[in-house]
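J.: My structure is in coords.txt, and what it holds is compact mmCIF, C-alpha atoms:
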# COMPACT_ATOMS: atom_id res chain seq x y z
CA MET A 1 20.77 -140.78 -28.35
CA ASN A 2 19.84 -138.63 -25.40
CA LYS A 3 22.69 -140.19 -23.39
CA ARG A 4 25.23 -139.32 -26.13
CA ILE A 5 24.05 -135.72 -26.20
CA LYS A 6 24.22 -135.62 -22.42
CA TYR A 7 27.80 -136.92 -22.40
CA ILE A 8 28.81 -134.48 -25.16
CA ILE A 9 27.37 -131.56 -23.19
CA ILE A 10 29.14 -132.72 -20.03
CA ALA A 11 32.44 -133.04 -21.94
CA ILE A 12 32.04 -129.55 -23.38
CA LEU A 13 31.33 -128.12 -19.93
CA VAL A 14 34.39 -129.88 -18.50
CA ILE A 15 36.60 -128.50 -21.29
CA VAL A 16 35.21 -124.99 -20.80
CA GLY A 17 35.75 -125.31 -17.06
CA ILE A 18 39.35 -126.41 -17.57
CA VAL A 19 40.01 -123.50 -19.94
CA LEU A 20 38.46 -121.02 -17.54
CA PHE A 21 40.42 -122.48 -14.63
CA TYR A 22 43.66 -122.25 -16.63
CA LYS A 23 43.09 -118.65 -17.73
CA ASN A 24 41.50 -117.21 -14.61
CA VAL A 25 43.07 -119.21 -11.81
CA TYR A 26 46.26 -121.01 -12.75
CA ILE A 27 47.82 -118.34 -15.00
CA VAL A 28 46.74 -115.43 -12.80
CA LYS A 29 48.29 -116.94 -9.71
CA THR A 30 51.52 -118.33 -11.08
CA THR A 31 52.81 -116.63 -14.26
CA TYR A 32 54.54 -113.20 -14.03
CA LYS A 33 57.21 -111.46 -16.06
CA THR A 34 60.49 -110.74 -14.28
CA LEU A 35 63.59 -108.59 -14.61
CA SER A 36 66.81 -107.77 -12.74
CA PRO A 37 68.10 -104.40 -11.50
CA LYS A 38 70.79 -102.74 -13.60
CA VAL A 39 73.59 -100.26 -13.03
CA ALA A 40 73.07 -97.02 -14.96
CA ASN A 41 73.17 -93.23 -14.76
CA LEU A 42 69.86 -91.75 -13.63
CA ASP A 43 68.79 -88.22 -14.56
CA ILE A 44 66.69 -86.66 -11.84
CA LYS A 45 64.16 -84.27 -13.32
CA VAL A 46 61.82 -81.87 -11.55
CA PHE A 47 58.54 -80.88 -13.14
CA GLY A 48 56.53 -77.71 -12.68
CA ILE A 49 53.56 -75.87 -14.16
CA GLY A 50 53.57 -72.13 -14.69
CA ASN A 51 52.92 -69.29 -17.10
CA VAL A 52 54.83 -67.25 -19.66
CA SER A 53 55.95 -63.98 -18.12
CA ALA A 54 58.94 -61.63 -18.19
CA LYS A 55 61.23 -59.90 -15.73
CA ASP A 56 60.80 -56.52 -17.46
CA ILE A 57 57.30 -55.50 -18.56
CA TYR A 58 57.06 -51.74 -19.16
CA SER A 59 53.83 -49.84 -18.52
CA ILE A 60 53.74 -46.96 -21.00
CA THR A 61 51.78 -44.24 -19.25
CA ALA A 62 50.55 -40.76 -20.10
CA GLN A 63 53.04 -38.34 -18.57
CA THR A 64 50.48 -35.57 -18.70
CA GLY A 65 46.73 -35.49 -19.10
CA GLY A 66 45.01 -34.72 -22.38
CA LYS A 67 43.42 -36.07 -25.54
CA ILE A 68 45.28 -38.78 -27.45
CA ILE A 69 46.02 -37.64 -31.01
CA SER A 70 47.75 -40.81 -32.24
CA ILE A 71 48.85 -44.29 -31.17
CA LEU A 72 51.38 -45.59 -33.67
CA THR A 73 51.47 -49.25 -32.61
CA ASP A 74 49.12 -52.01 -31.47
CA GLU A 75 49.01 -55.28 -29.55
CA GLY A 76 51.20 -57.97 -31.09
CA GLN A 77 53.57 -55.51 -32.79
CA TRP A 78 57.31 -55.07 -32.28
CA VAL A 79 58.79 -51.65 -31.52
CA LYS A 80 62.32 -50.29 -31.50
CA LYS A 81 63.82 -48.25 -28.69
CA GLY A 82 63.18 -44.57 -29.43
CA ASP A 83 60.16 -45.16 -31.69
CA LEU A 84 57.38 -42.60 -31.27
CA LEU A 85 54.45 -44.49 -29.77
CA ILE A 86 51.86 -41.97 -28.59
CA THR A 87 51.08 -38.29 -29.16
CA ILE A 88 48.84 -36.32 -26.79
CA ASP A 89 47.32 -32.96 -27.74
CA PRO A 90 49.63 -30.25 -26.28
CA VAL A 91 46.93 -27.54 -26.72
CA ASP A 92 48.75 -24.14 -26.47
CA MET A 93 52.00 -25.49 -25.04
CA PRO A 94 54.03 -24.98 -28.30
CA GLU A 95 53.05 -21.27 -28.36
CA LEU A 96 54.05 -20.86 -24.71
CA VAL A 97 57.42 -22.44 -25.45
CA GLU A 98 57.91 -20.13 -28.43
CA GLU A 99 57.09 -17.06 -26.35
CA MET A 100 59.50 -18.09 -23.64
CA LEU A 101 62.27 -18.71 -26.18
CA ILE A 102 61.69 -15.16 -27.49
CA SER A 103 62.03 -13.87 -23.92
CA VAL A 104 65.29 -15.76 -23.58
CA GLU A 105 66.67 -14.14 -26.73
CA LYS A 106 65.49 -10.70 -25.57
CA THR A 107 67.24 -11.00 -22.20
CA LYS A 108 70.39 -12.27 -23.91
CA SER A 109 70.35 -9.23 -26.24
CA GLU A 110 69.86 -6.88 -23.29
CA LEU A 111 72.80 -8.54 -21.56
CA LYS A 112 74.99 -8.08 -24.64
CA ALA A 113 74.00 -4.39 -24.80
CA LEU A 114 74.91 -3.87 -21.14
CA ILE A 115 78.25 -5.60 -21.65
CA LYS A 116 78.95 -3.25 -24.59
CA GLU A 117 77.92 -0.26 -22.45
CA SER A 118 80.29 -1.38 -19.68
CA GLU A 119 83.10 -1.70 -22.19
CA SER A 120 82.43 1.88 -23.39
CA LEU A 121 82.34 3.19 -19.82
CA ASN A 122 85.59 1.40 -19.04
CA ALA A 123 87.23 3.12 -22.02
CA GLN A 124 85.91 6.51 -20.90
CA LYS A 125 87.08 5.78 -17.34
CA GLU A 126 90.60 5.04 -18.52
CA LEU A 127 90.70 8.34 -20.43
CA SER A 128 89.21 10.23 -17.47
CA GLN A 129 91.81 8.71 -15.13
CA ILE A 130 94.59 9.92 -17.42
CA THR A 131 93.06 13.42 -17.48
CA TYR A 132 92.62 13.40 -13.69
CA LYS A 133 96.24 12.38 -13.10
CA ARG A 134 97.51 15.01 -15.51
CA TYR A 135 95.37 17.77 -13.90
CA GLU A 136 96.47 16.63 -10.46
CA ASN A 137 100.10 17.34 -11.39
CA LEU A 138 99.28 20.55 -13.25
CA VAL A 139 97.24 22.05 -10.40
CA LYS A 140 100.20 21.63 -8.10
CA GLN A 141 102.28 23.63 -10.55
CA SER A 142 99.46 26.19 -10.98
CA PHE A 143 99.19 25.47 -14.70
CA VAL A 144 95.44 24.75 -14.37
CA SER A 145 92.83 26.19 -12.10
CA LYS A 146 91.37 24.42 -9.12
CA SER A 147 87.95 24.38 -10.79
CA GLU A 148 89.29 22.53 -13.82
CA PHE A 149 90.89 19.94 -11.53
CA ASP A 150 87.64 19.52 -9.60
CA LYS A 151 85.72 19.01 -12.84
CA ALA A 152 88.16 16.26 -13.93
CA LYS A 153 87.71 14.60 -10.53
CA THR A 154 83.91 14.85 -10.77
CA ASP A 155 83.92 13.39 -14.28
CA LEU A 156 85.99 10.39 -13.06
CA ASN A 157 83.68 9.81 -10.07
CA SER A 158 80.63 10.02 -12.33
CA LEU A 159 82.07 7.42 -14.72
CA ASN A 160 82.87 5.11 -11.77
CA ALA A 161 79.31 5.41 -10.56
CA GLN A 162 77.87 4.73 -14.03
CA LEU A 163 80.18 1.74 -14.48
CA GLU A 164 79.23 0.31 -11.08
CA ALA A 165 75.52 0.69 -11.89
CA THR A 166 76.02 -0.97 -15.28
CA LEU A 167 77.86 -3.92 -13.68
CA VAL A 168 74.95 -4.38 -11.26
CA ARG A 169 72.52 -4.34 -14.20
CA ILE A 170 74.72 -6.91 -15.99
CA GLU A 171 74.53 -9.27 -13.01
CA SER A 172 70.78 -8.75 -12.83
CA SER A 173 70.51 -9.41 -16.56
CA LYS A 174 72.52 -12.61 -16.23
CA ILE A 175 70.10 -13.81 -13.56
CA GLU A 176 67.19 -12.92 -15.84
CA VAL A 177 68.75 -14.88 -18.69
CA GLN A 178 69.11 -17.89 -16.41
CA ARG A 179 65.54 -17.54 -15.18
CA THR A 180 64.00 -17.28 -18.63
CA GLN A 181 66.21 -20.12 -19.90
CA LYS A 182 65.10 -22.37 -17.03
CA ASN A 183 61.48 -21.49 -17.72
CA ALA A 184 61.99 -22.26 -21.39
CA ASP A 185 63.66 -25.58 -20.57
CA SER A 186 60.86 -26.43 -18.16
CA LEU A 187 58.22 -25.68 -20.79
CA LYS A 188 60.14 -27.72 -23.40
CA THR A 189 60.29 -30.63 -20.95
CA LYS A 190 56.54 -30.35 -20.39
CA LEU A 191 56.00 -30.20 -24.14
CA SER A 192 58.13 -33.31 -24.65
CA ARG A 193 55.82 -35.24 -22.32
CA PHE A 194 53.06 -34.99 -24.90
CA GLN A 195 55.08 -37.40 -27.07
CA ILE A 196 55.89 -40.83 -25.66
CA TYR A 197 58.70 -42.99 -27.07
CA ALA A 198 59.57 -46.68 -26.70
CA PRO A 199 61.99 -47.19 -23.79
CA VAL A 200 63.32 -50.49 -25.16
CA ASP A 201 63.23 -52.85 -28.14
CA GLY A 202 60.11 -54.78 -27.26
CA TYR A 203 56.81 -56.45 -28.01
CA VAL A 204 53.46 -54.76 -27.36
CA ILE A 205 51.22 -57.03 -25.28
CA SER A 206 48.47 -54.62 -24.27
CA LYS A 207 46.70 -51.46 -25.46
CA SER A 208 44.20 -49.97 -23.02
CA ALA A 209 43.29 -46.63 -24.65
CA GLU A 210 42.24 -45.36 -28.07
CA VAL A 211 42.77 -42.26 -30.24
CA VAL A 212 40.67 -39.16 -29.25
CA GLN A 213 40.24 -40.61 -25.77
CA ASN A 214 41.01 -38.22 -22.92
CA VAL A 215 43.40 -39.69 -20.38
CA ALA A 216 44.63 -38.52 -17.00
CA SER A 217 48.29 -38.30 -16.07
CA ALA A 218 49.84 -41.69 -15.22
CA THR A 219 47.12 -43.61 -17.13
CA THR A 220 48.58 -46.80 -18.64
CA ILE A 221 48.10 -46.83 -22.42
CA LEU A 222 50.44 -49.63 -23.57
CA LYS A 223 52.43 -52.48 -22.06
CA ILE A 224 55.69 -53.58 -23.67
CA VAL A 225 57.71 -56.69 -22.90
CA ASP A 226 61.49 -56.71 -23.14
CA PRO A 227 61.86 -60.06 -24.98
CA LYS A 228 65.37 -60.60 -23.62
CA THR A 229 63.81 -61.06 -20.17
CA LEU A 230 61.07 -63.52 -21.18
CA TRP A 231 60.77 -66.51 -18.85
CA ILE A 232 58.40 -69.02 -17.31
CA ARG A 233 57.16 -68.44 -13.78
CA ALA A 234 56.94 -72.07 -12.72
CA TYR A 235 55.66 -73.29 -9.37
CA ILE A 236 57.26 -76.39 -7.86
CA ASP A 237 56.44 -78.26 -4.67
CA GLU A 238 58.92 -77.45 -1.90
CA LYS A 239 59.50 -81.18 -1.31
CA ILE A 240 61.09 -81.65 -4.74
CA SER A 241 62.68 -78.21 -5.21
CA GLY A 242 65.77 -78.71 -3.05
CA ASP A 243 68.02 -79.93 -5.89
CA ILE A 244 67.20 -76.99 -8.19
CA LYS A 245 70.06 -74.53 -8.78
CA VAL A 246 70.44 -71.42 -10.92
CA GLY A 247 71.91 -72.30 -14.32
CA GLN A 248 70.50 -75.84 -14.56
CA LYS A 249 69.24 -76.86 -17.99
CA ALA A 250 65.51 -77.17 -18.57
CA GLU A 251 62.95 -78.07 -21.20
CA ILE A 252 59.86 -75.90 -21.75
CA THR A 253 56.59 -76.98 -23.33
CA LEU A 254 54.02 -74.31 -24.19
CA ARG A 255 50.36 -75.27 -24.16
CA SER A 256 49.84 -73.81 -27.66
CA GLN A 257 52.82 -75.80 -29.02
CA SER A 258 52.55 -79.05 -27.10
CA ASN A 259 54.36 -80.99 -29.82
CA LYS A 260 57.43 -78.74 -29.61
CA GLN A 261 60.03 -78.50 -26.86
CA PHE A 262 62.05 -75.36 -26.12
CA THR A 263 65.32 -75.41 -24.24
CA GLY A 264 66.13 -73.06 -21.39
CA TYR A 265 67.79 -72.73 -18.01
CA VAL A 266 66.97 -71.75 -14.44
CA LYS A 267 67.40 -67.97 -14.32
CA ARG A 268 66.20 -67.20 -10.80
CA ILE A 269 64.85 -68.92 -7.70
CA VAL A 270 62.46 -66.67 -5.80
CA ALA A 271 63.57 -66.27 -2.19
CA GLN A 272 60.14 -66.83 -0.61
CA SER A 273 57.84 -69.82 -0.89
CA ASP A 274 54.06 -69.59 -0.92
CA ALA A 275 52.95 -70.32 2.63
CA VAL A 276 49.53 -71.54 1.45
CA THR A 277 50.39 -73.78 -1.50
CA GLN A 278 53.87 -74.65 -0.17
CA GLU A 279 55.30 -74.10 -3.63
CA ARG A 280 58.41 -72.26 -4.73
CA GLU A 281 58.55 -69.97 -7.76
CA ILE A 282 61.28 -70.90 -10.24
CA ASN A 283 61.96 -68.60 -13.20
CA VAL A 284 63.10 -70.51 -16.29
CA ALA A 285 64.48 -68.44 -19.20
CA PHE A 286 64.47 -69.45 -22.87
CA ASP A 287 67.63 -70.18 -24.86
CA ASP A 288 65.82 -69.06 -28.02
CA LEU A 289 62.80 -66.79 -27.98
CA PRO A 290 59.56 -68.47 -29.12
CA ILE A 291 57.89 -66.42 -31.85
CA PRO A 292 55.13 -65.53 -31.30
CA PHE A 293 54.78 -65.70 -27.53
CA TYR A 294 51.79 -64.99 -25.33
CA ILE A 295 52.09 -63.61 -21.82
CA ASN A 296 50.24 -65.73 -19.23
CA GLU A 297 50.10 -68.78 -21.52
CA GLN A 298 50.34 -71.98 -19.51
CA ALA A 299 53.65 -73.83 -19.76
CA ARG A 300 55.29 -76.94 -18.34
CA VAL A 301 58.95 -77.00 -17.36
CA THR A 302 61.23 -79.98 -16.82
CA ILE A 303 64.43 -79.12 -14.95
CA ASN A 304 67.44 -81.44 -15.09
CA ALA A 305 68.22 -81.18 -11.39
CA LYS A 306 71.07 -83.72 -11.17
CA THR A 307 72.52 -86.99 -12.48
CA ILE A 308 73.22 -89.98 -10.23
CA SER A 309 76.09 -91.99 -11.72
CA ASN A 310 76.46 -95.79 -11.58
CA ALA A 311 73.32 -96.28 -9.55
CA ILE A 312 71.36 -99.52 -9.12
CA THR A 313 68.14 -98.74 -10.97
CA ILE A 314 64.75 -100.39 -11.32
CA PRO A 315 61.64 -99.41 -13.33
CA LEU A 316 59.13 -97.31 -11.44
CA ASN A 317 56.30 -99.67 -12.41
CA THR A 318 57.87 -102.43 -10.29
CA LEU A 319 57.56 -100.40 -7.09
CA LYS A 320 54.73 -101.27 -4.73
CA VAL A 321 53.67 -100.25 -1.23
CA GLU A 322 52.93 -103.04 1.20
CA ASP A 323 52.00 -102.28 4.83
CA GLY A 324 53.23 -98.72 4.40
CA LYS A 325 56.64 -99.83 3.08
CA GLU A 326 57.81 -99.13 -0.47
CA GLY A 327 59.66 -101.90 -2.25
CA VAL A 328 59.47 -104.67 -4.86
CA TRP A 329 58.34 -108.26 -5.11
CA THR A 330 61.29 -110.58 -5.72
CA LEU A 331 61.52 -114.18 -6.88
CA ILE A 332 63.43 -116.55 -4.56
CA ASP A 333 63.23 -120.32 -5.14
CA ASN A 334 60.14 -119.81 -7.36
CA LYS A 335 58.32 -117.98 -4.60
CA ALA A 336 57.35 -114.32 -4.17
CA TYR A 337 58.86 -112.28 -1.34
CA PHE A 338 58.47 -108.53 -0.72
CA LYS A 339 61.67 -106.52 -0.16
CA GLU A 340 61.61 -103.03 1.31
CA LEU A 341 63.95 -100.63 -0.55
CA ASN A 342 65.91 -97.55 0.46
CA ILE A 343 65.23 -95.30 -2.55
CA GLN A 344 67.70 -92.50 -3.33
CA ALA A 345 65.75 -90.73 -6.08
CA LYS A 346 63.14 -91.21 -8.79
CA GLY A 347 63.46 -90.20 -12.42
CA ASP A 348 60.95 -90.23 -15.27
CA ASN A 349 60.69 -94.01 -15.52
CA GLU A 350 63.27 -95.39 -13.08
CA ALA A 351 64.32 -95.18 -9.45
CA ALA A 352 67.84 -95.22 -7.99
CA ILE A 353 68.22 -97.64 -5.06
CA ILE A 354 70.60 -97.15 -2.14
CA SER A 355 70.04 -100.50 -0.49
CA GLY A 356 67.65 -103.43 -0.27
CA ILE A 357 68.36 -105.12 -3.58
CA LYS A 358 71.26 -106.31 -5.76
CA THR A 359 71.75 -106.61 -9.50
CA GLU A 360 71.58 -110.43 -9.30
CA ASP A 361 68.14 -110.35 -7.66
CA ILE A 362 65.05 -111.13 -9.74
CA ILE A 363 62.14 -108.69 -9.56
CA ILE A 364 58.57 -109.74 -10.30
CA ILE A 365 56.68 -107.23 -12.44
CA PRO A 366 53.23 -106.76 -10.88
CA ASP A 367 50.27 -107.26 -13.22
CA SER A 368 46.94 -105.64 -12.39
CA SER A 369 45.12 -108.23 -14.53
CA LYS A 370 46.33 -110.99 -12.22
CA LYS A 371 45.62 -111.61 -8.59
CA ALA A 372 47.71 -109.69 -6.08
CA LEU A 373 51.03 -111.17 -5.06
CA SER A 374 51.38 -112.51 -1.55
CA GLU A 375 54.30 -113.53 0.64
CA GLY A 376 55.55 -117.03 -0.27
CA MET A 377 53.22 -117.38 -3.27
CA ARG A 378 54.52 -119.88 -5.83
CA ILE A 379 55.57 -118.18 -9.09
CA HIS A 380 56.29 -119.51 -12.58
CA GLN A 381 58.33 -117.32 -14.94
The structure in this file should be written as structure tokens.
T.:
Amino acid sequence: MNKRIKYIIIAILVIVGIVLFYKNVYIVKTTYKTLSPKVANLDIKVFGIGNVSAKDIYSITAQTGGKIISILTDEGQWVKKGDLLITIDPVDMPELVEEMLISVEKTKSELKALIKESESLNAQKELSQITYKRYENLVKQSFVSKSEFDKAKTDLNSLNAQLEATLVRIESSKIEVQRTQKNADSLKTKLSRFQIYAPVDGYVISKSAEVVQNVASATTILKIVDPKTLWIRAYIDEKISGDIKVGQKAEITLRSQSNKQFTGYVKRIVAQSDAVTQEREINVAFDDLPIPFYINEQARVTINAKTISNAITIPLNTLKVEDGKEGVWTLIDNKAYFKELNIQAKGDNEAAIISGIKTEDIIIIPDSSKKALSEGMRIHQ
């Protein structure tokens, strides 16, 4: 009985050993899946990480110092061009403007009065000239006395002097009108600075002051984005940025909407690279504005850099590096041989090959669960 049990145990151990040998030695060394290269079009895509930004972000600043009376918008709100955004206390500025406008009207009235006076003097001068001419002829004929002629001459000279003085006063009055008008315009301009209007249709992304707060001139109160200029500032390694051109199509994925893809295009390529990170800034604009959007939100862009037509392609997962050379393991006469490849470009899942392999070749798909392939190793498909 003990012998039977012993033989049974030995048989079981042999069977287990055979199974283990088959699974862990025979299969691992000899059985691999294979495939052949194919001819296809390969889309070359370039990936980059960046942030939501915009070409035009307006800082709405206080144009003059003072206490804020009202702020008529807030972060996350849309505004229209020309909307009143902020009012700052003008103190006594309206009264000063009113006084200056009264001065303008006063000088204009004085100018009108002087013009009327000059018109009256001109009329008197014309009459005096007629009298002077008539007396000049009459005195020659002794019909009037010399004293009467002299008086007519004196009257004419007096009117000329009065008219000349009035004309000078008119010119002076015109200058005064201009001066007071300029002062009034200047004060009105200063008064207008106490009210701040939206420079563009936009979206408020920041508010850094509150009502009743005193602010200095040039203090930023709001920031407004022009949504037409929204884009992604993406940063792409210089090594893979060479094929990127303005106008190329792109896909944008926002971190807050990772399950949604937005379409866009390359709007601008910044002329300078970052000397430290060796990255190039690429600005990718949206085809359709995402609503809502958040400035500085992280985003991922995929740029369709180019398409290689009728290329020999292989899956990226078949590529391996052996002794510093990149290539694939191929099956020739049931044995594994490594072939170095001249790779033109890599896409999402495939690589385009210039040389080193043909469509009739058979590629062994490496399997990390099996032992590593070696040159001349026998393979079973």
J.: Tell me which protein, DNA and RNA residues are within 7 Å of range 175-192 of chain A, counting only C-alpha atoms, leaving out same-chain ones fewer than 3 positions away, and put them as a list in words.
T.: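 My reading of the contact set: Pro90, Met93, Pro94, Val97, Met100, Leu101, Ser103, Val104, Thr107, Lys108, Glu171, Ser172 and Gln195 of chain A.
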J.: Rank nothing, just name the residue among A:Ile240, A:Ile363, A:Leu138, A:Ile130 nearest to Leu156 in chain A, using all atoms listed in the file.
T.: A:Ile130
J.: Tell me which of A:Ser158, A:Ser53, A:Thr34, A:Ser369 sits closest to Phe286 in chain A, counting only C-alpha atoms.
T.: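 Under the stated criterion, the closest residue is A:Ser53.
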J.: Pick from A:Ile314, A:Leu114, A:Val79, A:Val301: nearest to Ala198 in chain A, with all atoms listed in the file counted?
T.: A:Val79
J.: Around the point (54.8, -74.7, -13.3), in the coordinates given by the file, pick out the residues reaching within 12 Å, counting only C-alpha atoms, and return them as a PyMOL selection string.
T.: chain A and resi 46-53+231-237+241+251-255+279-284+296-303
J.: Pick the closest to Ile170 in chain A from A:Gln261, A:Thr131, A:Thr220, A:Ser109: which is it, counting all atoms listed in the file?
T.: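 The answer is A:Ser109, which sits nearest to Ile170 in chain A.
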J.: Determine the nearest neighbour of Ile244 in chain A from the options A:Ile44, A:Ala165, A:Val91, A:Ala62, counting all atoms listed in the file.
T.: A:Ile44
J.: Just give me the gap between CA of Glu119 in chain A and CA of Lys174 in chain A in Å, one decimal is fine.
T.: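 Rounded to one decimal, the two atoms are 16.3 Å apart.
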J.: Give the answer as one residue: which of A:Met377, A:Ile86, A:Val144, A:Ala372 has the shortest atom-to-atom distance to Phe194 in chain A, using all atoms listed in the file?
T.: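 Looking at the shortest contact to Phe194 in chain A, the residue is A:Ile86.
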J.: Would you work out the distance separating CA of Tyr58 in chain A from CA of Val225 in chain A, expressed in Å to one decimal?
T.: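 CA of Val225 in chain A lies 6.2 Å from CA of Tyr58 in chain A.
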J.: At what distance in Å, to one decimal, does CA of Ala113 in chain A lie from CA of Leu167 in chain A?
T.: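 A separation of 11.8 Å between them.
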J.: Might you pull out every residue within 9 Å of Thr307 in chain A, with all atoms listed in the file counted and same-chain residues fewer than 3 positions away left off, and present them as a PDB file with C-alpha atoms, keeping the file's coordinate frame?
T.:
ATOM      1  CA  ASN A  41      73.170 -93.230 -14.760  1.00  0.00           C
ATOM      2  CA  LEU A  42      69.860 -91.750 -13.630  1.00  0.00           C
ATOM      3  CA  ASP A  43      68.790 -88.220 -14.560  1.00  0.00           C
ATOM      4  CA  ILE A  44      66.690 -86.660 -11.840  1.00  0.00           C
ATOM      5  CA  LYS A  45      64.160 -84.270 -13.320  1.00  0.00           C
ATOM      6  CA  ASN A 304      67.440 -81.440 -15.090  1.00  0.00           C
TER       7      ASN A 304
END
J.: For Gln124 in chain A, find every residue with an atom within 10 Å (counting only C-alpha atoms), except residues of its own chain fewer than 2 positions away, and show them as JSON, numbers by chain.
T.: {"A": [118, 119, 120, 121, 122, 126, 127, 128, 129, 130, 155, 156, 159, 160, 163]}
J.: Just want the 10 Å neighbourhood of Asn342 in chain A, counted on only C-alpha atoms, with same-chain residues fewer than 4 positions away dropped. Output as a short mmCIF file (atom, residue, chain, number, x, y, z; two decimals) with C-alpha atoms, in the coordinates of the input.
T.:
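Below is the file that was written, around-v9.cif:
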data_model
loop_
_atom_site.label_atom_id
_atom_site.label_comp_id
_atom_site.auth_asym_id
_atom_site.auth_seq_id
_atom_site.Cartn_x
_atom_site.Cartn_y
_atom_site.Cartn_z
CA LYS A 325 56.64 -99.83 3.08
CA GLU A 326 57.81 -99.13 -0.47
CA GLY A 327 59.66 -101.90 -2.25
CA ALA A 352 67.84 -95.22 -7.99
CA ILE A 353 68.22 -97.64 -5.06
CA ILE A 354 70.60 -97.15 -2.14
CA SER A 355 70.04 -100.50 -0.49
CA GLY A 356 67.65 -103.43 -0.27
CA ILE A 357 68.36 -105.12 -3.58
#
J.: Generate a file for range 181-198 of chain A, containing N, CA and C atoms, as an mmCIF file, in the first residue's frame.
T.:
data_model
loop_
_atom_site.group_PDB
_atom_site.id
_atom_site.type_symbol
_atom_site.label_atom_id
_atom_site.label_comp_id
_atom_site.auth_asym_id
_atom_site.auth_seq_id
_atom_site.Cartn_x
_atom_site.Cartn_y
_atom_site.Cartn_z
ATOM 1 N N GLN A 181 -12.710 127.613 -22.766
ATOM 2 C CA GLN A 181 -13.261 126.391 -23.354
ATOM 3 C C GLN A 181 -12.306 125.212 -23.148
ATOM 4 N N LYS A 182 -10.987 125.475 -23.343
ATOM 5 C CA LYS A 182 -10.000 124.417 -23.125
ATOM 6 C C LYS A 182 -9.990 123.971 -21.665
ATOM 7 N N ASN A 183 -10.087 124.939 -20.767
ATOM 8 C CA ASN A 183 -10.134 124.595 -19.339
ATOM 9 C C ASN A 183 -11.368 123.759 -19.017
ATOM 10 N N ALA A 184 -12.498 124.153 -19.637
ATOM 11 C CA ALA A 184 -13.733 123.401 -19.412
ATOM 12 C C ALA A 184 -13.611 121.983 -19.966
ATOM 13 N N ASP A 185 -13.041 121.877 -21.171
ATOM 14 C CA ASP A 185 -12.854 120.551 -21.770
ATOM 15 C C ASP A 185 -11.915 119.690 -20.931
ATOM 16 N N SER A 186 -10.861 120.331 -20.421
ATOM 17 C CA SER A 186 -9.909 119.604 -19.575
ATOM 18 C C SER A 186 -10.582 119.095 -18.305
ATOM 19 N N LEU A 187 -11.389 119.944 -17.689
ATOM 20 C CA LEU A 187 -12.093 119.538 -16.476
ATOM 21 C C LEU A 187 -13.110 118.440 -16.773
ATOM 22 N N LYS A 188 -13.801 118.544 -17.937
ATOM 23 C CA LYS A 188 -14.762 117.488 -18.307
ATOM 24 C C LYS A 188 -14.051 116.165 -18.547
ATOM 25 N N THR A 189 -12.850 116.241 -19.150
ATOM 26 C CA THR A 189 -12.058 115.019 -19.359
ATOM 27 C C THR A 189 -11.671 114.403 -18.017
ATOM 28 N N LYS A 190 -11.229 115.257 -17.095
ATOM 29 C CA LYS A 190 -10.886 114.759 -15.759
ATOM 30 C C LYS A 190 -12.104 114.156 -15.064
ATOM 31 N N LEU A 191 -13.247 114.807 -15.231
ATOM 32 C CA LEU A 191 -14.476 114.292 -14.624
ATOM 33 C C LEU A 191 -14.858 112.939 -15.210
ATOM 34 N N SER A 192 -14.641 112.789 -16.539
ATOM 35 C CA SER A 192 -15.005 111.526 -17.192
ATOM 36 C C SER A 192 -14.163 110.362 -16.677
ATOM 37 N N ARG A 193 -12.972 110.669 -16.156
ATOM 38 C CA ARG A 193 -12.101 109.602 -15.654
ATOM 39 C C ARG A 193 -12.617 108.973 -14.360
ATOM 40 N N PHE A 194 -13.599 109.606 -13.746
ATOM 41 C CA PHE A 194 -14.169 109.037 -12.532
ATOM 42 C C PHE A 194 -15.186 107.942 -12.856
ATOM 43 N N GLN A 195 -15.507 107.796 -14.149
ATOM 44 C CA GLN A 195 -16.373 106.701 -14.602
ATOM 45 C C GLN A 195 -15.602 105.875 -15.623
ATOM 46 N N ILE A 196 -15.557 104.562 -15.390
ATOM 47 C CA ILE A 196 -14.755 103.674 -16.234
ATOM 48 C C ILE A 196 -15.690 102.718 -16.967
ATOM 49 N N TYR A 197 -15.506 102.624 -18.290
ATOM 50 C CA TYR A 197 -16.381 101.825 -19.141
ATOM 51 C C TYR A 197 -15.622 100.638 -19.737
ATOM 52 N N ALA A 198 -16.371 99.607 -20.126
ATOM 53 C CA ALA A 198 -15.758 98.410 -20.716
ATOM 54 C C ALA A 198 -15.177 98.737 -22.086
#
